[in-house]
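Engineer: File structure28.tsv follows (TSV, N, CA, C and O atoms and all ligand atoms):
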```tsv
chain	number	residue	atom	x	y	z
G	1	MET	N	-8.99	37.19	5.96
G	1	MET	CA	-8.83	35.76	5.70
G	1	MET	C	-8.91	34.97	7.01
G	1	MET	O	-8.40	35.40	8.03
G	2	PHE	N	-9.53	33.83	6.96
G	2	PHE	CA	-9.67	33.04	8.18
G	2	PHE	C	-8.38	32.27	8.47
G	2	PHE	O	-7.56	32.02	7.60
G	3	THR	N	-8.22	31.97	9.74
G	3	THR	CA	-7.07	31.19	10.17
G	3	THR	C	-7.51	30.31	11.35
G	3	THR	O	-8.65	30.41	11.79
G	4	HIS	N	-6.60	29.48	11.83
G	4	HIS	CA	-6.94	28.62	12.97
G	4	HIS	C	-6.28	29.15	14.24
G	4	HIS	O	-5.07	29.18	14.34
G	5	TRP	N	-7.11	29.57	15.16
G	5	TRP	CA	-6.62	30.01	16.47
G	5	TRP	C	-6.67	28.83	17.42
G	5	TRP	O	-7.72	28.21	17.60
G	6	ALA	N	-5.53	28.53	18.04
G	6	ALA	CA	-5.45	27.36	18.91
G	6	ALA	C	-5.31	27.76	20.37
G	6	ALA	O	-4.56	28.69	20.70
G	7	CYS	N	-6.04	27.08	21.23
G	7	CYS	CA	-5.84	27.20	22.67
G	7	CYS	C	-5.20	25.90	23.15
G	7	CYS	O	-5.81	24.83	23.05
G	8	PHE	N	-3.95	25.99	23.62
G	8	PHE	CA	-3.23	24.77	24.02
G	8	PHE	C	-3.68	24.27	25.38
G	8	PHE	O	-3.41	23.13	25.74
G	9	ASP	N	-4.32	25.12	26.15
G	9	ASP	CA	-4.85	24.68	27.44
G	9	ASP	C	-6.11	23.84	27.26
G	9	ASP	O	-6.28	22.80	27.88
G	10	CYS	N	-7.00	24.33	26.40
G	10	CYS	CA	-8.26	23.60	26.16
G	10	CYS	C	-8.07	22.53	25.08
G	10	CYS	O	-8.93	21.67	24.93
G	11	ARG	N	-6.96	22.60	24.36
G	11	ARG	CA	-6.71	21.71	23.21
G	11	ARG	C	-7.87	21.82	22.21
G	11	ARG	O	-8.48	20.83	21.84
G	12	LYS	N	-8.14	23.06	21.85
G	12	LYS	CA	-9.18	23.33	20.87
G	12	LYS	C	-8.69	24.36	19.87
G	12	LYS	O	-7.81	25.16	20.18
G	13	SER	N	-9.29	24.34	18.70
G	13	SER	CA	-8.92	25.29	17.67
G	13	SER	C	-10.18	25.90	17.08
G	13	SER	O	-11.20	25.22	16.94
G	14	PHE	N	-10.12	27.19	16.81
G	14	PHE	CA	-11.29	27.91	16.31
G	14	PHE	C	-10.93	28.61	15.01
G	14	PHE	O	-9.94	29.34	14.96
G	15	ALA	N	-11.71	28.38	13.98
G	15	ALA	CA	-11.50	29.06	12.71
G	15	ALA	C	-12.12	30.45	12.80
G	15	ALA	O	-13.34	30.59	12.95
G	16	LYS	N	-11.27	31.46	12.77
G	16	LYS	CA	-11.74	32.85	12.86
G	16	LYS	C	-10.86	33.71	11.97
G	16	LYS	O	-9.82	33.26	11.48
G	17	ASP	N	-11.27	34.96	11.81
G	17	ASP	CA	-10.47	35.88	11.00
G	17	ASP	C	-9.11	36.12	11.65
G	17	ASP	O	-8.98	36.05	12.87
G	18	GLU	N	-8.14	36.46	10.79
G	18	GLU	CA	-6.83	36.86	11.30
G	18	GLU	C	-6.96	38.14	12.10
G	18	GLU	O	-7.89	38.92	11.86
G	19	SER	N	-6.02	38.35	13.00
G	19	SER	CA	-6.06	39.55	13.82
G	19	SER	C	-4.66	39.86	14.32
G	19	SER	O	-3.88	38.95	14.61
G	20	ASP	N	-4.31	41.15	14.42
G	20	ASP	CA	-3.00	41.53	14.96
G	20	ASP	C	-2.96	41.30	16.46
G	20	ASP	O	-1.92	40.99	17.03
G	21	VAL	N	-4.11	41.46	17.08
G	21	VAL	CA	-4.21	41.22	18.52
G	21	VAL	C	-4.65	39.77	18.70
G	21	VAL	O	-5.62	39.34	18.07
G	22	PRO	N	-3.92	39.00	19.55
G	22	PRO	CA	-4.32	37.59	19.75
G	22	PRO	C	-5.77	37.48	20.22
G	22	PRO	O	-6.19	38.20	21.12
G	23	ARG	N	-6.49	36.60	19.59
G	23	ARG	CA	-7.88	36.39	20.00
G	23	ARG	C	-7.92	35.56	21.28
G	23	ARG	O	-7.03	34.77	21.55
G	24	LYS	N	-8.98	35.78	22.04
G	24	LYS	CA	-9.11	35.06	23.31
G	24	LYS	C	-9.93	33.79	23.11
G	24	LYS	O	-10.89	33.77	22.34
G	25	CYS	N	-9.55	32.77	23.84
G	25	CYS	CA	-10.27	31.50	23.78
G	25	CYS	C	-11.69	31.70	24.32
G	25	CYS	O	-11.87	32.25	25.41
G	26	PRO	N	-12.69	31.24	23.56
G	26	PRO	CA	-14.08	31.39	24.02
G	26	PRO	C	-14.38	30.60	25.29
G	26	PRO	O	-15.36	30.87	25.97
G	27	GLU	N	-13.50	29.62	25.59
G	27	GLU	CA	-13.79	28.77	26.76
G	27	GLU	C	-13.03	29.20	28.01
G	27	GLU	O	-13.61	29.23	29.08
G	28	CYS	N	-11.74	29.51	27.87
G	28	CYS	CA	-10.96	29.85	29.06
G	28	CYS	C	-10.48	31.29	29.06
G	28	CYS	O	-9.87	31.74	30.03
G	29	ALA	N	-10.71	32.01	27.96
G	29	ALA	CA	-10.39	33.44	27.85
G	29	ALA	C	-8.90	33.75	27.79
G	29	ALA	O	-8.50	34.91	27.83
G	30	LYS	N	-8.06	32.71	27.67
G	30	LYS	CA	-6.63	32.97	27.50
G	30	LYS	C	-6.33	33.32	26.05
G	30	LYS	O	-7.10	32.96	25.15
G	31	ALA	N	-5.22	34.02	25.84
G	31	ALA	CA	-4.84	34.39	24.47
G	31	ALA	C	-4.54	33.14	23.66
G	31	ALA	O	-3.83	32.25	24.13
G	32	MET	N	-5.08	33.09	22.46
G	32	MET	CA	-4.84	31.93	21.60
G	32	MET	C	-3.69	32.22	20.66
G	32	MET	O	-3.23	33.35	20.53
G	33	THR	N	-3.21	31.16	19.99
G	33	THR	CA	-2.12	31.28	19.04
G	33	THR	C	-2.65	31.08	17.62
G	33	THR	O	-3.38	30.13	17.37
G	34	ASP	N	-2.27	32.01	16.74
G	34	ASP	CA	-2.64	31.89	15.33
G	34	ASP	C	-1.75	30.82	14.69
G	34	ASP	O	-0.57	31.05	14.47
G	35	MET	N	-2.30	29.64	14.43
G	35	MET	CA	-1.51	28.54	13.88
G	35	MET	C	-1.53	28.50	12.36
G	35	MET	O	-0.88	27.67	11.75
G	36	GLY	N	-2.29	29.38	11.74
G	36	GLY	CA	-2.29	29.45	10.28
G	36	GLY	C	-3.46	28.73	9.65
G	36	GLY	O	-4.09	27.86	10.26
G	37	ALA	N	-3.74	29.10	8.42
G	37	ALA	CA	-4.92	28.58	7.72
G	37	ALA	C	-4.82	27.08	7.43
G	37	ALA	O	-5.83	26.41	7.29
G	38	TYR	N	-3.58	26.57	7.35
G	38	TYR	CA	-3.40	25.16	6.99
G	38	TYR	C	-3.17	24.25	8.20
G	38	TYR	O	-2.79	23.10	8.06
G	39	PHE	N	-3.41	24.81	9.38
G	39	PHE	CA	-3.27	24.02	10.61
G	39	PHE	C	-4.40	23.00	10.69
G	39	PHE	O	-5.56	23.32	10.47
G	40	GLU	N	-4.02	21.75	10.99
G	40	GLU	CA	-5.03	20.72	11.21
G	40	GLU	C	-5.05	20.39	12.70
G	40	GLU	O	-4.14	19.74	13.20
G	41	PRO	N	-6.06	20.85	13.40
G	41	PRO	CA	-6.08	20.62	14.84
G	41	PRO	C	-6.18	19.14	15.17
G	41	PRO	O	-6.99	18.42	14.58
G	42	PRO	N	-5.35	18.68	16.10
G	42	PRO	CA	-5.46	17.28	16.54
G	42	PRO	C	-6.77	17.08	17.30
G	42	PRO	O	-7.41	18.05	17.70
G	43	ARG	N	-7.13	15.82	17.48
G	43	ARG	CA	-8.29	15.55	18.33
G	43	ARG	C	-7.97	15.99	19.75
G	43	ARG	O	-6.83	15.93	20.18
G	44	ARG	N	-9.03	16.39	20.45
G	44	ARG	CA	-8.87	16.94	21.78
G	44	ARG	C	-8.15	15.98	22.73
G	44	ARG	O	-7.36	16.39	23.57
G	45	LEU	N	-8.41	14.69	22.59
G	45	LEU	CA	-7.82	13.72	23.52
G	45	LEU	C	-6.39	13.34	23.14
G	45	LEU	O	-5.71	12.67	23.90
G	46	ASN	N	-5.96	13.77	21.98
G	46	ASN	CA	-4.61	13.44	21.53
G	46	ASN	C	-3.62	14.44	22.14
G	46	ASN	O	-3.08	15.33	21.47
G	47	LYS	N	-3.37	14.28	23.42
G	47	LYS	CA	-2.53	15.23	24.17
G	47	LYS	C	-1.13	15.33	23.59
G	47	LYS	O	-0.54	16.39	23.55
G	48	LYS	N	-0.59	14.18	23.20
G	48	LYS	CA	0.78	14.14	22.68
G	48	LYS	C	0.89	15.01	21.43
G	48	LYS	O	1.84	15.78	21.27
G	49	ARG	N	-0.09	14.88	20.54
G	49	ARG	CA	-0.07	15.66	19.31
G	49	ARG	C	-0.19	17.16	19.60
G	49	ARG	O	0.48	17.98	18.98
G	50	TRP	N	-1.03	17.51	20.56
G	50	TRP	CA	-1.17	18.91	20.94
G	50	TRP	C	0.14	19.44	21.52
G	50	TRP	O	0.51	20.59	21.31
G	51	GLU	N	0.84	18.58	22.25
G	51	GLU	CA	2.12	18.98	22.84
G	51	GLU	C	3.12	19.28	21.72
G	51	GLU	O	3.87	20.25	21.79
G	52	VAL	N	3.09	18.43	20.69
G	52	VAL	CA	3.96	18.66	19.53
G	52	VAL	C	3.61	19.99	18.86
G	52	VAL	O	4.49	20.77	18.49
G	53	MET	N	2.32	20.27	18.71
G	53	MET	CA	1.88	21.51	18.07
G	53	MET	C	2.32	22.73	18.89
G	53	MET	O	2.69	23.76	18.35
G	54	LYS	N	2.28	22.58	20.21
G	54	LYS	CA	2.73	23.66	21.10
G	54	LYS	C	4.23	23.93	20.91
G	54	LYS	O	4.66	25.08	20.87
G	55	VAL	N	5.01	22.85	20.79
G	55	VAL	CA	6.44	22.99	20.55
G	55	VAL	C	6.67	23.75	19.24
G	55	VAL	O	7.48	24.69	19.18
G	56	LEU	N	5.95	23.38	18.19
G	56	LEU	CA	6.08	24.07	16.90
G	56	LEU	C	5.80	25.56	17.07
G	56	LEU	O	6.57	26.40	16.61
G	57	ALA	N	4.71	25.87	17.76
G	57	ALA	CA	4.32	27.28	17.95
G	57	ALA	C	5.39	28.03	18.74
G	57	ALA	O	5.77	29.15	18.40
G	58	ASP	N	5.91	27.38	19.80
G	58	ASP	CA	6.93	28.03	20.63
G	58	ASP	C	8.18	28.36	19.82
G	58	ASP	O	8.86	29.35	20.08
G	59	TYR	N	8.51	27.51	18.85
G	59	TYR	CA	9.70	27.74	18.03
G	59	TYR	C	9.40	28.58	16.79
G	59	TYR	O	10.27	28.79	15.95
G	60	GLY	N	8.16	29.01	16.64
G	60	GLY	CA	7.83	29.88	15.52
G	60	GLY	C	7.50	29.16	14.23
G	60	GLY	O	7.67	29.73	13.15
G	61	TYR	N	7.03	27.94	14.32
G	61	TYR	CA	6.57	27.22	13.13
G	61	TYR	C	5.06	27.26	13.07
G	61	TYR	O	4.38	26.77	13.97
G	62	TRP	N	4.55	27.90	12.00
G	62	TRP	CA	3.10	27.97	11.82
G	62	TRP	C	2.72	27.43	10.46
G	62	TRP	O	3.56	27.33	9.56
G	63	PHE	N	1.45	27.14	10.31
G	63	PHE	CA	0.94	26.55	9.06
G	63	PHE	C	0.24	27.62	8.21
G	63	PHE	O	-0.93	27.53	7.92
G	64	ASN	N	1.00	28.65	7.87
G	64	ASN	CA	0.39	29.78	7.15
G	64	ASN	C	0.14	29.49	5.68
G	64	ASN	O	-0.78	30.04	5.09
G	65	THR	N	0.98	28.67	5.10
G	65	THR	CA	0.85	28.36	3.68
G	65	THR	C	0.93	26.85	3.49
G	65	THR	O	1.34	26.12	4.40
G	66	LYS	N	0.55	26.42	2.30
G	66	LYS	CA	0.66	25.01	1.97
G	66	LYS	C	2.12	24.55	2.07
G	66	LYS	O	2.42	23.48	2.56
G	67	ASP	N	3.03	25.44	1.59
G	67	ASP	CA	4.46	25.12	1.63
G	67	ASP	C	4.97	24.96	3.06
G	67	ASP	O	5.76	24.06	3.34
G	68	SER	N	4.52	25.83	3.96
G	68	SER	CA	5.00	25.71	5.33
G	68	SER	C	4.48	24.43	5.96
G	68	SER	O	5.17	23.77	6.74
G	69	LYS	N	3.27	24.04	5.58
G	69	LYS	CA	2.72	22.78	6.09
G	69	LYS	C	3.55	21.59	5.60
G	69	LYS	O	3.89	20.70	6.38
G	70	ILE	N	3.91	21.61	4.32
G	70	ILE	CA	4.72	20.53	3.75
G	70	ILE	C	6.10	20.50	4.39
G	70	ILE	O	6.62	19.45	4.76
G	71	TYR	N	6.67	21.70	4.58
G	71	TYR	CA	8.00	21.80	5.19
G	71	TYR	C	7.97	21.21	6.61
G	71	TYR	O	8.83	20.39	6.97
G	72	ILE	N	6.98	21.61	7.39
G	72	ILE	CA	6.90	21.13	8.77
G	72	ILE	C	6.72	19.61	8.78
G	72	ILE	O	7.38	18.90	9.54
G	73	GLN	N	5.85	19.10	7.91
G	73	GLN	CA	5.63	17.66	7.89
G	73	GLN	C	6.89	16.89	7.47
G	73	GLN	O	7.28	15.93	8.12
G	74	ASN	N	7.55	17.37	6.42
G	74	ASN	CA	8.69	16.62	5.88
G	74	ASN	C	9.97	16.78	6.70
G	74	ASN	O	10.74	15.84	6.85
G	75	ARG	N	10.20	18.00	7.21
G	75	ARG	CA	11.48	18.27	7.86
G	75	ARG	C	11.41	18.16	9.37
G	75	ARG	O	12.40	17.79	10.01
G	76	ILE	N	10.28	18.52	9.94
G	76	ILE	CA	10.22	18.59	11.41
G	76	ILE	C	9.47	17.38	12.00
G	76	ILE	O	9.96	16.71	12.89
G	77	LEU	N	8.27	17.13	11.52
G	77	LEU	CA	7.48	16.04	12.11
G	77	LEU	C	7.95	14.69	11.59
G	77	LEU	O	8.13	13.75	12.35
G	78	GLN	N	8.10	14.59	10.29
G	78	GLN	CA	8.53	13.38	9.59
G	78	GLN	C	7.59	12.19	9.80
G	78	GLN	O	6.93	11.77	8.87
G	79	ALA	N	7.53	11.69	11.01
G	79	ALA	CA	6.65	10.55	11.27
G	79	ALA	C	5.21	11.00	11.40
G	79	ALA	O	4.93	12.18	11.54
G	80	LYS	N	4.31	10.03	11.37
G	80	LYS	CA	2.89	10.35	11.51
G	80	LYS	C	2.60	10.78	12.94
G	80	LYS	O	1.84	11.71	13.18
G	81	ASN	N	3.20	10.11	13.89
G	81	ASN	CA	3.03	10.47	15.30
G	81	ASN	C	4.38	10.62	15.98
G	81	ASN	O	4.80	9.77	16.76
G	82	PRO	N	5.07	11.72	15.69
G	82	PRO	CA	6.43	11.88	16.22
G	82	PRO	C	6.42	12.11	17.73
G	82	PRO	O	5.45	12.62	18.29
G	83	ARG	N	7.54	11.73	18.36
G	83	ARG	CA	7.70	12.01	19.79
G	83	ARG	C	8.11	13.46	19.97
G	83	ARG	O	8.82	14.02	19.12
G	84	VAL	N	7.69	14.05	21.07
G	84	VAL	CA	8.00	15.46	21.34
G	84	VAL	C	9.52	15.68	21.32
G	84	VAL	O	10.01	16.63	20.71
G	85	ALA	N	10.25	14.78	21.98
G	85	ALA	CA	11.70	14.93	22.06
G	85	ALA	C	12.34	14.90	20.67
G	85	ALA	O	13.28	15.65	20.39
G	86	ASP	N	11.83	14.04	19.79
G	86	ASP	CA	12.37	13.96	18.43
G	86	ASP	C	12.11	15.24	17.66
G	86	ASP	O	12.95	15.71	16.89
G	87	VAL	N	10.93	15.81	17.86
G	87	VAL	CA	10.57	17.04	17.16
G	87	VAL	C	11.50	18.17	17.59
G	87	VAL	O	12.02	18.92	16.77
G	88	ILE	N	11.73	18.28	18.91
G	88	ILE	CA	12.63	19.33	19.41
G	88	ILE	C	14.03	19.13	18.84
G	88	ILE	O	14.66	20.08	18.41
G	89	GLU	N	14.48	17.88	18.79
G	89	GLU	CA	15.81	17.59	18.27
G	89	GLU	C	15.93	18.03	16.81
G	89	GLU	O	16.92	18.64	16.40
G	90	ARG	N	14.89	17.75	16.01
G	90	ARG	CA	14.94	18.12	14.59
G	90	ARG	C	14.89	19.63	14.40
G	90	ARG	O	15.53	20.18	13.50
G	91	ILE	N	14.13	20.33	15.27
G	91	ILE	CA	14.08	21.79	15.18
G	91	ILE	C	15.47	22.36	15.49
G	91	ILE	O	15.95	23.25	14.79
G	92	GLU	N	16.12	21.80	16.50
G	92	GLU	CA	17.46	22.27	16.84
G	92	GLU	C	18.44	22.01	15.70
G	92	GLU	O	19.30	22.84	15.41
G	93	LEU	N	18.31	20.86	15.04
G	93	LEU	CA	19.17	20.55	13.90
G	93	LEU	C	18.94	21.53	12.76
G	93	LEU	O	19.89	21.98	12.11
G	94	GLU	N	17.68	21.87	12.52
G	94	GLU	CA	17.34	22.84	11.46
G	94	GLU	C	17.96	24.20	11.78
G	94	GLU	O	18.45	24.88	10.88
G	95	LYS	N	17.93	24.58	13.05
G	95	LYS	CA	18.52	25.85	13.47
G	95	LYS	C	20.02	25.86	13.18
G	95	LYS	O	20.55	26.84	12.64
G	96	GLN	N	20.67	24.75	13.52
G	96	GLN	CA	22.11	24.64	13.28
G	96	GLN	C	22.41	24.72	11.78
G	96	GLN	O	23.35	25.38	11.36
G	97	ARG	N	21.59	24.04	11.00
G	97	ARG	CA	21.77	24.03	9.57
G	97	ARG	C	21.69	25.46	9.00
G	97	ARG	O	22.47	25.84	8.16
G	98	LYS	N	20.74	26.22	9.53
G	98	LYS	CA	20.57	27.60	9.06
G	98	LYS	C	21.76	28.45	9.45
G	98	LYS	O	22.25	29.26	8.66
G	99	ILE	N	22.24	28.26	10.69
G	99	ILE	CA	23.40	29.04	11.16
G	99	ILE	C	24.61	28.72	10.29
G	99	ILE	O	25.33	29.60	9.84
G	100	ASN	N	24.81	27.43	10.01
G	100	ASN	CA	25.96	27.01	9.21
G	100	ASN	C	25.88	27.51	7.77
G	100	ASN	O	26.91	27.69	7.12
G	101	ALA	N	24.66	27.71	7.29
G	101	ALA	CA	24.49	28.15	5.90
G	101	ALA	C	24.78	29.64	5.74
G	101	ALA	O	24.97	30.11	4.63
G	102	GLU	N	24.81	30.37	6.87
G	102	GLU	CA	25.02	31.83	6.76
G	102	GLU	C	26.47	32.18	6.53
G	102	GLU	O	27.36	31.44	6.90
B	201	ZN	ZN	-8.93	27.80	26.17
```
When written as structure tokens, how does the structure in this file appear?

Structural biologist:
Amino acid sequence: MFTHWACFDCRKSFAKDESDVPRKCPECAKAMTDMGAYFEPPRRLNKKRWEVMKVLADYGYWFNTKDSKIYIQNRILQAKNPRVADVIERIELEKQRKINAE
């Protein structure tokens, strides 16, 4: 099944098959991140949006399913163009919520 491999350095995404081994960026040869089939790559010049996507990836949020995409949009991103700091704050709140629910 195809997925979206993202290079956060080049701010590019490549639709390729899934792989257990991270695929390398065709441009800079660094390991890319599998962002999931439902990932919508931001425009290359939209640095802020790419930064937000990097934060999501670092915290383990990927767009593997339609549901995960909806969850990320509604619970984490919320706004159309959220600030990086706000996104991190909401991820931390979600973590707390999960800990408290256990
Ligand atoms: Zn690259």

Engineer: From the list G:Met32, G:Ala79, G:Val21, G:Ala15, which residue is nearest ligand ZN 201 (chain B) when using all atoms listed in the file?

Structural biologist: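 Checking each of G:Met32, G:Ala79, G:Val21, G:Ala15 against ligand ZN 201 (chain B), counting all atoms listed in the file, the winner is G:Met32.
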
Engineer: With distances taken over all atoms listed in the file, which of G:Cys7, G:Met53, G:Val84, G:Leu77 is nearest to Cys25 (chain G)?

Structural biologist: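 Among G:Cys7, G:Met53, G:Val84, G:Leu77, it is G:Cys7 that comes nearest to Cys25 (chain G).
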
Engineer: Can you tell me which residues come within 7 Å of ligand ZN 201 (chain B) when counting only N, CA, C and O atoms and all ligand atoms, ideally as a list in words?

Structural biologist: Ala6, Cys7, Phe8, Asp9, Cys10, Arg11, Lys12, Lys24, Cys25, Pro26, Glu27, Cys28, Ala29 and Lys30 of chain G

Engineer: May I ask for the distance between atom N of Leu56 (chain G) and CA of Asp86 (chain G), given in Å to one decimal place?

Structural biologist: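 Separation of atom N of Leu56 (chain G) and CA of Asp86 (chain G): 11.4 Å.
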
Engineer: Taking all atoms listed in the file into account, which of G:Pro41, G:Gly60, G:Arg75, G:Trp50 comes nearest Glu94 (chain G)?

Structural biologist: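 Selected residue with least distance to Glu94 (chain G): G:Arg75.
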
Engineer: With only C-alpha atoms as the counted atoms, please give the residues lying no more than 10 Å from Trp62 (chain G), apart from itself and same-chain residues fewer than 6 positions off, as a list in words.

Structural biologist: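 The neighbour list is Thr33, Asp34, Met35, Gly36, Ala37, Tyr38, Phe39, Met53, Leu56, Ser68, Lys69 and Ile72 of chain G.
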
Engineer: May I have the selected residues written with N, CA, C and O atoms, as a tab-separated table (two decimals), in the coordinates of the input?

Structural biologist:
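Output saved as selection_12.tsv:
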```tsv
chain	number	residue	atom	x	y	z
G	33	THR	N	-3.21	31.16	19.99
G	33	THR	CA	-2.12	31.28	19.04
G	33	THR	C	-2.65	31.08	17.62
G	33	THR	O	-3.38	30.13	17.37
G	34	ASP	N	-2.27	32.01	16.74
G	34	ASP	CA	-2.64	31.89	15.33
G	34	ASP	C	-1.75	30.82	14.69
G	34	ASP	O	-0.57	31.05	14.47
G	35	MET	N	-2.30	29.64	14.43
G	35	MET	CA	-1.51	28.54	13.88
G	35	MET	C	-1.53	28.50	12.36
G	35	MET	O	-0.88	27.67	11.75
G	36	GLY	N	-2.29	29.38	11.74
G	36	GLY	CA	-2.29	29.45	10.28
G	36	GLY	C	-3.46	28.73	9.65
G	36	GLY	O	-4.09	27.86	10.26
G	37	ALA	N	-3.74	29.10	8.42
G	37	ALA	CA	-4.92	28.58	7.72
G	37	ALA	C	-4.82	27.08	7.43
G	37	ALA	O	-5.83	26.41	7.29
G	38	TYR	N	-3.58	26.57	7.35
G	38	TYR	CA	-3.40	25.16	6.99
G	38	TYR	C	-3.17	24.25	8.20
G	38	TYR	O	-2.79	23.10	8.06
G	39	PHE	N	-3.41	24.81	9.38
G	39	PHE	CA	-3.27	24.02	10.61
G	39	PHE	C	-4.40	23.00	10.69
G	39	PHE	O	-5.56	23.32	10.47
G	53	MET	N	2.32	20.27	18.71
G	53	MET	CA	1.88	21.51	18.07
G	53	MET	C	2.32	22.73	18.89
G	53	MET	O	2.69	23.76	18.35
G	56	LEU	N	5.95	23.38	18.19
G	56	LEU	CA	6.08	24.07	16.90
G	56	LEU	C	5.80	25.56	17.07
G	56	LEU	O	6.57	26.40	16.61
G	68	SER	N	4.52	25.83	3.96
G	68	SER	CA	5.00	25.71	5.33
G	68	SER	C	4.48	24.43	5.96
G	68	SER	O	5.17	23.77	6.74
G	69	LYS	N	3.27	24.04	5.58
G	69	LYS	CA	2.72	22.78	6.09
G	69	LYS	C	3.55	21.59	5.60
G	69	LYS	O	3.89	20.70	6.38
G	72	ILE	N	6.98	21.61	7.39
G	72	ILE	CA	6.90	21.13	8.77
G	72	ILE	C	6.72	19.61	8.78
G	72	ILE	O	7.38	18.90	9.54
```

Engineer: Work out how far apart atom O of Pro22 (chain G) and atom C of Tyr61 (chain G) are and give it in Å to one decimal.

Structural biologist: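 Separation between atom O of Pro22 (chain G) and atom C of Tyr61 (chain G): 17.6 Å.
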
Engineer: What separation in Å, quoted to one decimal, exists between atom N of Phe2 (chain G) and atom O of Arg23 (chain G)?

Structural biologist: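 Pair atom N of Phe2 (chain G) / atom O of Arg23 (chain G) returns 14.8 Å.
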
Engineer: When distances are computed from only C-alpha atoms, which of G:Lys16, G:Arg90, G:Arg97, G:Arg43 shows the smallest separation from Ile76 (chain G)?

Structural biologist: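 For Ile76 (chain G), the nearest of the candidates is G:Arg90.
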
Engineer: Determine which residues of region 2-96 of chain G receive a DSSP assignment of helix (DSSP H, G or I), computed from the backbone, and state them as an MDAnalysis selection string.

Structural biologist: chainID G and resid 47:58 66:77 84:96

Engineer: Where does DSSP see strand (DSSP E or B) in chain G, if you list the residues as number ranges by chain?

Structural biologist: G: 2-7, 12-17, 24, 31, 33-34

Engineer: Could you save the residues just selected, with N, CA, C and O atoms, as a short mmCIF file (atom, residue, chain, number, x, y, z; two decimals), keeping the file's coordinate frame?

Structural biologist:
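Written file, out27.cif:
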```
data_model
loop_
_atom_site.label_atom_id
_atom_site.label_comp_id
_atom_site.auth_asym_id
_atom_site.auth_seq_id
_atom_site.Cartn_x
_atom_site.Cartn_y
_atom_site.Cartn_z
N PHE G 2 -9.53 33.83 6.96
CA PHE G 2 -9.67 33.04 8.18
C PHE G 2 -8.38 32.27 8.47
O PHE G 2 -7.56 32.02 7.60
N THR G 3 -8.22 31.97 9.74
CA THR G 3 -7.07 31.19 10.17
C THR G 3 -7.51 30.31 11.35
O THR G 3 -8.65 30.41 11.79
N HIS G 4 -6.60 29.48 11.83
CA HIS G 4 -6.94 28.62 12.97
C HIS G 4 -6.28 29.15 14.24
O HIS G 4 -5.07 29.18 14.34
N TRP G 5 -7.11 29.57 15.16
CA TRP G 5 -6.62 30.01 16.47
C TRP G 5 -6.67 28.83 17.42
O TRP G 5 -7.72 28.21 17.60
N ALA G 6 -5.53 28.53 18.04
CA ALA G 6 -5.45 27.36 18.91
C ALA G 6 -5.31 27.76 20.37
O ALA G 6 -4.56 28.69 20.70
N CYS G 7 -6.04 27.08 21.23
CA CYS G 7 -5.84 27.20 22.67
C CYS G 7 -5.20 25.90 23.15
O CYS G 7 -5.81 24.83 23.05
N LYS G 12 -8.14 23.06 21.85
CA LYS G 12 -9.18 23.33 20.87
C LYS G 12 -8.69 24.36 19.87
O LYS G 12 -7.81 25.16 20.18
N SER G 13 -9.29 24.34 18.70
CA SER G 13 -8.92 25.29 17.67
C SER G 13 -10.18 25.90 17.08
O SER G 13 -11.20 25.22 16.94
N PHE G 14 -10.12 27.19 16.81
CA PHE G 14 -11.29 27.91 16.31
C PHE G 14 -10.93 28.61 15.01
O PHE G 14 -9.94 29.34 14.96
N ALA G 15 -11.71 28.38 13.98
CA ALA G 15 -11.50 29.06 12.71
C ALA G 15 -12.12 30.45 12.80
O ALA G 15 -13.34 30.59 12.95
N LYS G 16 -11.27 31.46 12.77
CA LYS G 16 -11.74 32.85 12.86
C LYS G 16 -10.86 33.71 11.97
O LYS G 16 -9.82 33.26 11.48
N ASP G 17 -11.27 34.96 11.81
CA ASP G 17 -10.47 35.88 11.00
C ASP G 17 -9.11 36.12 11.65
O ASP G 17 -8.98 36.05 12.87
N LYS G 24 -8.98 35.78 22.04
CA LYS G 24 -9.11 35.06 23.31
C LYS G 24 -9.93 33.79 23.11
O LYS G 24 -10.89 33.77 22.34
N ALA G 31 -5.22 34.02 25.84
CA ALA G 31 -4.84 34.39 24.47
C ALA G 31 -4.54 33.14 23.66
O ALA G 31 -3.83 32.25 24.13
N THR G 33 -3.21 31.16 19.99
CA THR G 33 -2.12 31.28 19.04
C THR G 33 -2.65 31.08 17.62
O THR G 33 -3.38 30.13 17.37
N ASP G 34 -2.27 32.01 16.74
CA ASP G 34 -2.64 31.89 15.33
C ASP G 34 -1.75 30.82 14.69
O ASP G 34 -0.57 31.05 14.47
#
```

Engineer: Measuring between only N, CA, C and O atoms, which one of G:Asp20, G:Ile99, G:Tyr71, G:Ile88 shows the shortest distance to Val52 (chain G)?

Structural biologist: G:Ile88

Engineer: Give the answer as one residue: which of G:Ser19, G:Asn46, G:Asn81, G:Ile91 has the shortest atom-to-atom distance to Tyr59 (chain G), using all atoms listed in the file?

Structural biologist: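 Among G:Ser19, G:Asn46, G:Asn81, G:Ile91, it is G:Ile91 that comes nearest to Tyr59 (chain G).
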